[in-house]
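To keep things clear, I will list the structure first and then write my remarks on it.
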Amino acid sequence: MPRELNKDQEIVLLDVLDAVLEKGVVLRGDIMISIADIDLVYLDLRILLSSVESLVQDQKDSKRAQKEAAEGAE
Amino acid sequence: MGQFYYVYGFLPAGCKQELPELTGMDKKTSILFIEHEEITAACSLVSSEEFSEKQMQKKVENMGWLKEYAYHHHEILDRLYKDSIIIPLSFGTVYESMDSLKNVISEHKSEMRRLFRELEGKEEWSVKIYADRAAFDKSFTQDEDNIQERKAEIAKMPRGKQFFALKKLDSWLHEKADNKIDTVCHSLHNELLSFTSDHMQKKVWEKKLSGRKEDMVWNCVYLFQNQEAVNSAVIYIREFQKRAEQEFEGLSVEATGPWPSYHFAKLQQTEVQ
């Protein structure tokens, strides 16, 4: 994840969603998601944010739990 | 139940091909590296039922699903980018068969190779500038010549006239502050251009999106030429921030990077056959 002068984690998360939903290479796939009205997505991104943060935390927790379980099994 | 290939991005052949710690879109299977004509596609198997066009279209309307999977898509790209140049695909590109994935690689291989060459050693960074307008406008207008005089003149006017004269003065000052902010942003931008090989200016986000109390006044992504250019730009940005703090109140600049090249790895779209 970005490394320098990075003061605002919420903004970084918004940048992530902005980048993968709107940017990146659009290459013809057999199936492609089309997000018709990106502005609507934009508006809803803020609502998503708190859940993204908890998602990051959940993943950290679950990795920790897996690690502990693995250590416990040894 | 059949399986499809969800593709994250393309890498040059011979890149690191083990990522045991990461799982693909189904959160179960690992990332596959399919090599074809010296291009590697990073992908993973997904259920043909869950990732059918109809199902996916339905799912993206569910914000919770979209958030979780869009973030996971980035997480995989970000991890891959640590070891290799990558052409990141936008979220939700799925191939029904290995043949059609290979066909797409064959069709675009020269362009992909050109991009690998162009992006080699370069770094994408995002730079945003924020302005606390109350603080900035106050400190900026204090220094403007004749403002105090003009205010004193207005104070002598009859009450009714005062109201309109003050309103006019305020909007004039606000416009001057707008112009000043624009000049300051462009001075940073012009300096950064000497370190970059490309840039893309983006819309500034409204407060309801950014969630900040300050206004976003600059939002731009830069493709820095190399590591040295990044280091110089970082030093420049820090100096710029210091100068801005001395000269005006309420301006702050934030930079994040390096990002997978979302904004600069572009393939020409071919006509759908």
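Numbering starts fresh at 1 for the residues of each chain in the structure tokens, the chains themselves are lettered A, B, ... in the order given, and ligands are numbered from 1 as they appear.
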
Tell me the residues of chain B close to chain A, meaning within 6 Å using only C-alpha atoms, as a ChimeraX atom specification. /B:53,88-95,209,254-258,262,266

I need the chosen residues saved as a short mmCIF file (atom, residue, chain, number, x, y, z; two decimals), in the first residue's frame, with N, CA, C and O atoms.
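Output file selection_13.cif is given in full below:
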```cif
data_model
loop_
_atom_site.label_atom_id
_atom_site.label_comp_id
_atom_site.auth_asym_id
_atom_site.auth_seq_id
_atom_site.Cartn_x
_atom_site.Cartn_y
_atom_site.Cartn_z
N GLU B 53 -22.74 -13.33 -16.23
CA GLU B 53 -23.01 -11.92 -16.49
C GLU B 53 -24.22 -11.44 -15.68
O GLU B 53 -24.21 -10.37 -15.07
N PRO B 88 -2.92 -3.38 -14.80
CA PRO B 88 -4.08 -3.77 -13.99
C PRO B 88 -5.38 -3.70 -14.79
O PRO B 88 -5.64 -2.70 -15.45
N LEU B 89 -6.16 -4.74 -14.73
CA LEU B 89 -7.47 -4.70 -15.39
C LEU B 89 -8.48 -4.08 -14.45
O LEU B 89 -8.36 -4.19 -13.23
N SER B 90 -9.48 -3.44 -15.04
CA SER B 90 -10.50 -2.87 -14.16
C SER B 90 -11.33 -4.01 -13.57
O SER B 90 -11.29 -5.14 -14.05
N PHE B 91 -12.05 -3.69 -12.54
CA PHE B 91 -12.80 -4.68 -11.77
C PHE B 91 -13.82 -5.43 -12.63
O PHE B 91 -14.56 -4.81 -13.40
N GLY B 92 -13.84 -6.75 -12.51
CA GLY B 92 -14.93 -7.52 -13.11
C GLY B 92 -14.71 -7.98 -14.54
O GLY B 92 -15.64 -7.94 -15.34
N THR B 93 -13.48 -8.39 -14.88
CA THR B 93 -13.25 -8.92 -16.23
C THR B 93 -13.09 -10.44 -16.14
O THR B 93 -12.18 -10.93 -15.47
N VAL B 94 -13.98 -11.14 -16.80
CA VAL B 94 -14.02 -12.60 -16.66
C VAL B 94 -14.00 -13.26 -18.04
O VAL B 94 -14.66 -12.78 -18.97
N TYR B 95 -13.22 -14.32 -18.19
CA TYR B 95 -13.21 -15.10 -19.43
C TYR B 95 -13.81 -16.47 -19.16
O TYR B 95 -13.56 -17.07 -18.12
N LEU B 209 -18.05 13.46 -0.30
CA LEU B 209 -17.32 12.24 -0.69
C LEU B 209 -16.03 12.11 0.12
O LEU B 209 -15.75 11.06 0.67
N GLU B 254 -1.15 16.23 0.21
CA GLU B 254 -0.99 14.83 0.59
C GLU B 254 -0.68 14.00 -0.66
O GLU B 254 -1.33 14.16 -1.68
N ALA B 255 0.31 13.15 -0.54
CA ALA B 255 0.68 12.32 -1.68
C ALA B 255 0.67 10.85 -1.28
O ALA B 255 1.11 10.51 -0.18
N THR B 256 0.16 9.99 -2.13
CA THR B 256 0.19 8.55 -1.84
C THR B 256 0.73 7.79 -3.05
O THR B 256 0.46 8.14 -4.19
N GLY B 257 1.47 6.75 -2.78
CA GLY B 257 2.01 5.94 -3.85
C GLY B 257 3.02 4.96 -3.29
O GLY B 257 3.31 5.01 -2.10
N PRO B 258 3.60 4.11 -4.09
CA PRO B 258 3.25 3.94 -5.51
C PRO B 258 2.03 3.04 -5.68
O PRO B 258 1.82 2.11 -4.90
N TYR B 262 -2.94 2.19 -12.50
CA TYR B 262 -4.35 2.23 -12.91
C TYR B 262 -4.61 3.28 -13.99
O TYR B 262 -5.43 3.09 -14.86
N LYS B 266 -2.64 1.82 -20.43
CA LYS B 266 -3.84 1.84 -21.26
C LYS B 266 -3.63 1.04 -22.53
O LYS B 266 -2.65 1.24 -23.24
#
```

Could you pull out all residues of range 56-224 of chain B with a DSSP call of strand (DSSP E) and give them as number ranges by chain? B: 87-88, 93-95, 123-131, 196-201, 215-224

Generate the output file for the selected residues, C-alpha atoms, as a short mmCIF file (atom, residue, chain, number, x, y, z; two decimals), in the first residue's frame.
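Result written to again-v8.cif:
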```cif
data_model
loop_
_atom_site.label_atom_id
_atom_site.label_comp_id
_atom_site.auth_asym_id
_atom_site.auth_seq_id
_atom_site.Cartn_x
_atom_site.Cartn_y
_atom_site.Cartn_z
CA ILE B 87 -1.10 -3.91 -16.36
CA PRO B 88 -4.08 -3.77 -13.99
CA THR B 93 -13.25 -8.92 -16.23
CA VAL B 94 -14.02 -12.60 -16.66
CA TYR B 95 -13.21 -15.10 -19.43
CA GLU B 123 5.76 4.93 -10.32
CA GLU B 124 2.19 6.19 -10.20
CA TRP B 125 1.42 8.57 -7.33
CA SER B 126 -1.61 10.56 -6.36
CA VAL B 127 -1.26 14.15 -5.12
CA LYS B 128 -4.11 16.03 -3.50
CA ILE B 129 -4.17 19.53 -2.05
CA TYR B 130 -6.71 20.63 0.54
CA ALA B 131 -7.64 24.13 1.61
CA THR B 196 7.10 12.90 -14.43
CA SER B 197 6.57 11.32 -17.79
CA ASP B 198 2.78 11.62 -17.66
CA HIS B 199 -0.02 12.93 -15.47
CA MET B 200 -3.79 12.92 -15.31
CA GLN B 201 -5.77 15.64 -13.63
CA ASP B 215 -12.07 21.67 0.38
CA MET B 216 -10.13 19.45 -2.00
CA VAL B 217 -8.58 21.95 -4.41
CA TRP B 218 -6.25 19.72 -6.40
CA ASN B 219 -6.46 16.06 -7.40
CA CYS B 220 -3.96 14.72 -9.88
CA VAL B 221 -2.11 11.48 -10.56
CA TYR B 222 1.48 11.54 -11.77
CA LEU B 223 3.66 8.93 -13.40
CA PHE B 224 7.13 9.57 -12.02
#
```

With only C-alpha atoms as the counted atoms, please give the residues lying no more than 9 Å from Leu251 in chain B, apart from itself and same-chain residues fewer than 6 positions off, as a ChimeraX atom specification. /B:129-133,135-136,181,214,241,244-245

When distances are computed from only C-alpha atoms, which of B:Glu120, B:Glu38, B:Asp26, B:Glu68 shows the smallest separation from Gln227 in chain B? B:Glu120

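Every protein or nucleic acid residue with an atom no more than 7 Å from Ala42 in chain B, counting only C-alpha atoms and leaving out same-chain residues fewer than 3 positions away, appears here: Val7, Tyr8, Gly9, Phe10, Ile31, Leu32, Phe33 and Ile34 of chain B.
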
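The spacing separating CA of Tyr69 in chain B from CA of Gly24 in chain B amounts to 9.8 Å.
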
Return the single residue from B:Thr40, B:Asn62, B:Ser47, B:Thr23 that is closest to Ser106 in chain B, with distances computed using only C-alpha atoms. B:Thr40

Quick one: residues within 9 Å of Glu247 in chain B, only C-alpha atoms, excluding same-chain residues fewer than 3 positions away - as a PyMOL selection string? chain B and resi 139-140+242-244

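The spacing separating CA of Gln3 in chain B from CA of Val46 in chain B amounts to 5.5 Å.
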
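Pairwise distance (CA of Ala265 in chain B, CA of Leu119 in chain B) equals 7.7 Å.
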
Apply DSSP to the structure's backbone, then extract all residues of range 23-95 of chain B labelled helix (DSSP H, G or I) and return them as a ChimeraX atom specification. /B:53-59,63-81
